[in-house]
Structures are given as structure tokens and as C-alpha cells.
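Take a look at the structure below.
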Amino acid sequence: MFLLITRIFIYLLFIYVWIVYYPSPSFLHAGSTQNRVERVNENEYAETILGASLQNAKFLGDKIWQDQPINEKKEAMNFFEAEEYCNSLNLLNINEWTLPTIMDFKLLDTDMDKFSFRANPSSSIEFYFTRDQNPHNQNSIYIAKTHKIYPTFGTSLKNEKNSVRCVLNPNIYNKYQAHRKHVSLKKESLDGYLEAFLATGEKKYIREAIRIGRLQKEKAKIEETLYNFLGPLKIFDIKANKELFDETKTYDYDLKILRAILKSKNLKHKFSVAVKKDSKLKLKYNKYTIKIKFNLILTYKLIADNFLFGFDLTDSQNRKISAIYEFILTPNNNYSMSKISDFGEIFQASRSSFLFTYSNYIKSAKIEYDIISTKISYYK
């Protein structure tokens with residue numbers, strides 16, 4: 001009888017630990033089909049918000065979200081510090097940022113995975129403050145938790161430390177751009193027309209700037225404006241050189257990465273940046289210093305076999321290894337540069353046993369990248 005009770009207790013404890021630390025059932029996810037929040041007016045602001053010009057921010061769901069290195073800090077600040085930080089944040093030349101609401105996070109759905117900076121992307125859970133008060137406890141605030149890529153929600157005491165990410169209402173952004181256009185056109189100068197073009201995207205303003213821009217420095221300003229308007233991904237190709245792999249060509253690219261890791265226990269990878277052949281902007285006058293964050297995404301398969309009850313459970317978990325590199329592109333190198341990225345030694349697999357056998361191993365691997373910043377200077 002005692003042995004039976006012990007086995008039942010161990011079984012229930014195992015199920016509890018599995019649910020808490022590896023939450024993947026669909027009923028836990030705000031993004032599941034059972035309770036998905038429909039995005040209202042998803043593209044309402046798409047034409048006026050120029051995604052390419054949102055430096056250190058992203059337009060996702062129906063809000064503009066901060067996306068900076070501070071957003072990946074764990075336990076960055078308590079609620080009072082987070083609220084003051086967002087209220088005083090000046091980003092995109094606007095200082096009307098706030099903490100997000102629960103609904104803001106719900107509208108993100110799986111877009112949570114599109115941020116360049118996250119507090120704990122390789123783990124099951126990360127915690128971000130919302131500004132929604134817990135009605136049952138004045139000292140408590142709601143927080144957004146992400147299980148892999150889906151936001152769910154819980155509570156936290158206001159003096160506890162969590163991660164922070166600020167949001168901006170797109171209407172405020174659009175009003176600022178309209179005001180920016182009005183002020184810029186009063187200047188009736190090259191800078192004024194360039195500012196008006198960035199604020200509206202209207203071609204007549206860039207044409208007027210091209211008409212009056214005669215000097216080489218003025219042409220460099222026009223080139224910089226068009227670069228900021230179009231965004232680096234419409235101008236540059238960022239490629240991984242597949243010829244590094246000597247495996248048979250029948251395997252797809254992600255599988256080649258996986259096989260290279262399993263073969264050498266690490267991954268050195270060659271990346272190149274060059275102007276696209278079909279780029280609408282021909283670079284000529286400026287030097288571009290681009291910082292790129294390369295992410296190696298490893299998916300591990302987790303298996304737990306219980307020898308007492310003869311069952312097994314499986315799940316998967318992602319791990320992200322990042323490396324940041326700087327590419328300096330000038331007329332001298334024909335705006336093209338290559339670098340070798342070393343992701344270091346990579347954890348392969350493990351196996352342990354205590355009442356049940358627990359093992360994990362790499363199931364898949366892929367490489368993604370984010371352009372963190374671009375510094376532009378006139379190249380003499």
C-alpha cells in the first residue's frame with residue numbers, strides 16, 4: 001500500500017513539474033485557436049507607418065513596440081521603475097511611450113518572436129510588466145509571460161523585478177509625422193524636403209530634394225535619406241555561404257547546419273553582406289557600418305521515460321546562441337564584405353536517470369539574423 005501511494009505521489013509530482021517548466025498544451029496559449037484574439041484594423045496604419053524607418057522599434061499587432069538591448073534584460077526593474085522609464089522614454093523623437101496592456105500583448109500573438117531583443121528567448125518563460133492593475137491586490141500588477149512564443153498572463157508584486165518593453169500608440173506617431181512634414185516644408189531647403197519625404201513617403205519631396213541637391217555632400221544626404229526610407233533589407237543581401245558544407249547537395253540548408261554541428265560539435269559559418277543586384281538605390285557617397293546579430297536557433301527534443309509506470313512524455317525546447325558582428329561597407333570594397341562567425345562549442349545531448357530516464361538531443365537547427373543598427377557617414 002505504501003509503495004502504491006509513493007508511486008502515485010511521484011507520478012503526480014512529475015506531471016506538475018512537466019506542466020510548470022515545459023508548458024506547451026494549446027489551452028495555455030493566448031494564441032491558440034480556442035481563444036485567439038482577432039486583430040482589429042491590422043493594416044490601418046501600415047501605409048503611414050514606415051516600418052523601415054522605425055529605428056529600435058517594430059510595428060506589431062496594433063502598436064509600435066520598443067525593441068532595444070534593455071528589453072532583453074532579466075529582472076531589469078520593478079513596476080514603479082518600469083512605469084517611470086516608459087513614461088520618460090524618448091524614442092523616434094517621441095516621448096509619449098507607456099507600458100503595454102494585457103490586450104497589447106494578446107494582439108501580438110506569435111509576433112512576440114519577431115523582436116530582436118528578448119529577455120529569455122531560449123527558455124520556456126519570460127516575464128514582462130503590463131500597466132494593468134490586479135483588482136484583487138493593490139500591491140500587485142499583471143505581467144505577460146511567454147511560453148516559447150505565446151504570451152500568457154499572471155501577476156507580480158509591484159516591488160518585484162521583471163523585464164520591461166514600452167509601447168507607442170500609432171496615432172501619436174502619425175500625428176508627429178504630420179507635424180514634422182508641416183514644419184519641414186516651411187524651411188524650403190534640401191533638409192526640409194528630405195524631412196518631409198521621411199515623414200510622408202511622398203515622392204514629390206524627394207524629387208524636389210534631388211533637383212536642388214548639387215554638391216556631393218548634398219547627394220550623400222539624399223542617399224542616406226533613401227537608405228533610411230527603404231531600409232537595409234531592401235538594399236543589402238545578407239547570405240550564408242553554403243559552400244562551407246561539403247555534404248551532399250541533396251540536403252536542404254537547415255539540415256546541412258545540423259549535420260555540421262553534429263559532426264564538429266561547433267559551428268563556424270561564413271556570412272556575406274553585399275548590395276542586391278535589383279536594389280533601387282545605387283550606393284555611391286556614404287560609408288555604412290552595419291551591426292548584425294546572427295542567431296543560431298537549436299531545437300532540442302526532450303524525452304522522459306518512467307520505468308515505474310511504463311509511460312514516456314516528449315516535448316521540445318528552443319535554445320538561441322547569438323553572435324554580433326560589424327560590417328563596414330564603402331565604395332572601396334564595392335559595398336561588400338564577408339566574415340566568419342563562430343558560435344563556439346554547442347551542447348549536443350544529455351541523459352540522466354532518477355525514477356525516470358530523462359534525455360534530450362538536437363532535433364533541428366537554423367540561422368536567423370537581425371540588423372541591430374546602421375551608422376552612416378559621408379565617405380570622402
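Chain labels A, B, ... are given in the sequence in which chains occur in the C-alpha cells; within each chain residues are numbered consecutively from 1, and ligands are likewise numbered from 1 in the order shown.
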
Mind listing the helix (DSSP H, G or I) residues of stretch 117-213 of chain A, per DSSP on the backbone, as a ChimeraX atom specification? /A:170-187,190-200,203-212

Quick one: which stretch 75-129 of chain A residues come within 12 Å of stretch 370-375 of chain A, and what is the nearest atom pair for each with the distance in Å to one decimal, counting only C-alpha atoms, rows ordered by chain and ascending number, as a Markdown table?
| residue | atom | partner | partner_atom | distance |
| --- | --- | --- | --- | --- |
| A:Asp113 | CA | A:Asp370 | CA | 11.9 |
| A:Lys114 | CA | A:Asp370 | CA | 9.4 |
| A:Phe115 | CA | A:Asp370 | CA | 8.9 |
| A:Ser116 | CA | A:Asp370 | CA | 6.1 |
| A:Phe117 | CA | A:Ile372 | CA | 9.4 |

With N, CA and C atoms kept, could you save the residues just selected as a compact mmCIF listing (two decimals), in the first residue's frame?
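This went into result.txt:
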# COMPACT_ATOMS: atom_id res chain seq x y z
N ASP A 113 7.77 36.59 -31.30
CA ASP A 113 9.04 36.00 -31.75
C ASP A 113 9.78 36.89 -32.75
N LYS A 114 9.16 38.01 -33.17
CA LYS A 114 9.78 38.88 -34.15
C LYS A 114 10.69 39.95 -33.54
N PHE A 115 10.70 40.04 -32.21
CA PHE A 115 11.57 41.02 -31.57
C PHE A 115 13.03 40.59 -31.67
N SER A 116 13.91 41.55 -31.86
CA SER A 116 15.34 41.26 -31.90
C SER A 116 15.89 41.03 -30.49
N PHE A 117 15.28 41.71 -29.51
CA PHE A 117 15.78 41.62 -28.13
C PHE A 117 14.68 41.08 -27.22

What's around stretch 317-324 of chain A at 7 Å? Count only C-alpha atoms, leave out sequence neighbours fewer than 5 positions away in its own chain, and write the answer as a PDB file with N, CA and C atoms, in the first residue's frame.
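The resulting out34.pdb:
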ATOM      1  N   PRO A 121      14.783  34.197 -24.668  1.00  0.00           N
ATOM      2  CA  PRO A 121      14.214  33.507 -25.827  1.00  0.00           C
ATOM      3  C   PRO A 121      14.473  32.013 -25.850  1.00  0.00           C
ATOM      4  N   SER A 122      15.513  31.554 -25.157  1.00  0.00           N
ATOM      5  CA  SER A 122      15.850  30.134 -25.216  1.00  0.00           C
ATOM      6  C   SER A 122      15.147  29.324 -24.141  1.00  0.00           C
ATOM      7  N   SER A 123      14.468  30.005 -23.204  1.00  0.00           N
ATOM      8  CA  SER A 123      13.807  29.304 -22.106  1.00  0.00           C
ATOM      9  C   SER A 123      12.310  29.244 -22.344  1.00  0.00           C
ATOM     10  N   LYS A 291      25.690  46.737 -37.905  1.00  0.00           N
ATOM     11  CA  LYS A 291      25.809  45.701 -36.880  1.00  0.00           C
ATOM     12  C   LYS A 291      24.682  44.686 -37.073  1.00  0.00           C
ATOM     13  N   ILE A 292      25.065  43.419 -37.186  1.00  0.00           N
ATOM     14  CA  ILE A 292      24.091  42.355 -37.422  1.00  0.00           C
ATOM     15  C   ILE A 292      24.204  41.311 -36.317  1.00  0.00           C
ATOM     16  N   LYS A 293      23.078  40.934 -35.787  1.00  0.00           N
ATOM     17  CA  LYS A 293      23.015  39.894 -34.758  1.00  0.00           C
ATOM     18  C   LYS A 293      22.569  38.596 -35.425  1.00  0.00           C
ATOM     19  N   PHE A 294      23.465  37.614 -35.473  1.00  0.00           N
ATOM     20  CA  PHE A 294      23.150  36.306 -36.041  1.00  0.00           C
ATOM     21  C   PHE A 294      22.716  35.367 -34.911  1.00  0.00           C
ATOM     22  N   ASN A 295      21.623  34.687 -35.122  1.00  0.00           N
ATOM     23  CA  ASN A 295      21.072  33.790 -34.110  1.00  0.00           C
ATOM     24  C   ASN A 295      21.053  32.358 -34.631  1.00  0.00           C
ATOM     25  N   LEU A 296      21.709  31.471 -33.900  1.00  0.00           N
ATOM     26  CA  LEU A 296      21.630  30.048 -34.186  1.00  0.00           C
ATOM     27  C   LEU A 296      20.519  29.476 -33.311  1.00  0.00           C
ATOM     28  N   ILE A 297      19.432  29.024 -33.927  1.00  0.00           N
ATOM     29  CA  ILE A 297      18.273  28.507 -33.202  1.00  0.00           C
ATOM     30  C   ILE A 297      18.351  26.983 -33.188  1.00  0.00           C
ATOM     31  N   LEU A 298      18.516  26.429 -31.998  1.00  0.00           N
ATOM     32  CA  LEU A 298      18.596  24.977 -31.831  1.00  0.00           C
ATOM     33  C   LEU A 298      17.322  24.475 -31.167  1.00  0.00           C
ATOM     34  N   THR A 299      16.723  23.463 -31.738  1.00  0.00           N
ATOM     35  CA  THR A 299      15.549  22.836 -31.137  1.00  0.00           C
ATOM     36  C   THR A 299      15.949  21.477 -30.590  1.00  0.00           C
ATOM     37  N   TYR A 300      15.760  21.310 -29.284  1.00  0.00           N
ATOM     38  CA  TYR A 300      16.093  20.050 -28.621  1.00  0.00           C
ATOM     39  C   TYR A 300      14.815  19.251 -28.370  1.00  0.00           C
ATOM     40  N   LYS A 301      14.874  17.961 -28.619  1.00  0.00           N
ATOM     41  CA  LYS A 301      13.772  17.071 -28.291  1.00  0.00           C
ATOM     42  C   LYS A 301      14.002  16.512 -26.900  1.00  0.00           C
ATOM     43  N   PHE A 343      30.101  30.283 -33.494  1.00  0.00           N
ATOM     44  CA  PHE A 343      29.100  30.140 -32.439  1.00  0.00           C
ATOM     45  C   PHE A 343      29.636  29.339 -31.252  1.00  0.00           C
TER      46      PHE A 343
END

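Among the candidates A:Tyr378, A:Ile64, A:Ile340, A:Glu202, the one nearest to A:Asn286 when counting only C-alpha atoms is A:Tyr378.
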
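The closest residue to A:Val164, picked from A:Lys73, A:Lys287, A:Lys186, A:Lys221 and counting only C-alpha atoms, is A:Lys73.
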
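One distance worth recording is that between atom CA of A:Arg118 and atom CA of A:Val167, which is 14.8 Å.
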
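Summary of the local environment: counting only C-alpha atoms, residues at most 8 Å from A:Ser88, other than itself and those fewer than 6 positions away along its chain, are Asn95, Glu96 and Trp97 of chain A.
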
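Separating atom CA of A:Arg180 from atom CA of A:Ile376 is a distance of 22.0 Å.
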
Which residues are close to A:Tyr205, i.e. within 7 Å by only C-alpha atoms, leaving aside same-chain residues fewer than 6 positions away? Reply as an mmCIF file with C-alpha atoms, in the first residue's frame.
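Full text of around.cif as output:
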data_model
loop_
_atom_site.group_PDB
_atom_site.id
_atom_site.type_symbol
_atom_site.label_atom_id
_atom_site.label_comp_id
_atom_site.auth_asym_id
_atom_site.auth_seq_id
_atom_site.Cartn_x
_atom_site.Cartn_y
_atom_site.Cartn_z
ATOM 1 C CA TYR A 193 12.287 68.321 -48.330
ATOM 2 C CA LEU A 194 14.185 65.273 -47.064
ATOM 3 C CA ALA A 196 9.043 65.832 -45.417
ATOM 4 C CA PHE A 197 9.800 62.775 -47.546
#

Identify, on the basis of only C-alpha atoms, every residue whose closest approach to A:Lys239 does not exceed 12 Å; exclude the query and any residue fewer than 3 positions from it along the same chain; express the result as a compact mmCIF listing (two decimals) with C-alpha atoms, in the first residue's frame.
# COMPACT_ATOMS: atom_id res chain seq x y z
CA LEU A 233 16.92 44.69 -46.13
CA PHE A 236 21.60 44.61 -48.96
CA LYS A 242 26.60 27.25 -48.39
CA GLU A 243 29.85 26.10 -49.97
CA TYR A 253 20.28 24.23 -45.90
CA HIS A 269 29.81 29.98 -40.56
CA LYS A 270 30.69 32.47 -43.29
CA PHE A 271 28.31 35.39 -43.81
CA SER A 272 28.47 38.00 -46.55
CA VAL A 273 26.78 41.37 -47.00
CA ALA A 274 26.51 42.94 -50.45
CA VAL A 275 24.25 45.28 -52.41
CA LYS A 276 21.34 43.49 -54.05
CA ILE A 292 24.09 42.35 -37.42
CA PHE A 294 23.15 36.31 -36.04
CA SER A 336 30.55 44.08 -49.98
CA MET A 337 32.11 42.27 -47.02
CA SER A 338 32.36 38.76 -45.55
CA LYS A 339 33.08 37.47 -42.05
CA ILE A 340 33.41 34.12 -40.32
CA ILE A 367 20.18 30.50 -38.58
CA GLU A 368 18.31 33.81 -38.41
CA TYR A 369 19.59 37.37 -38.24
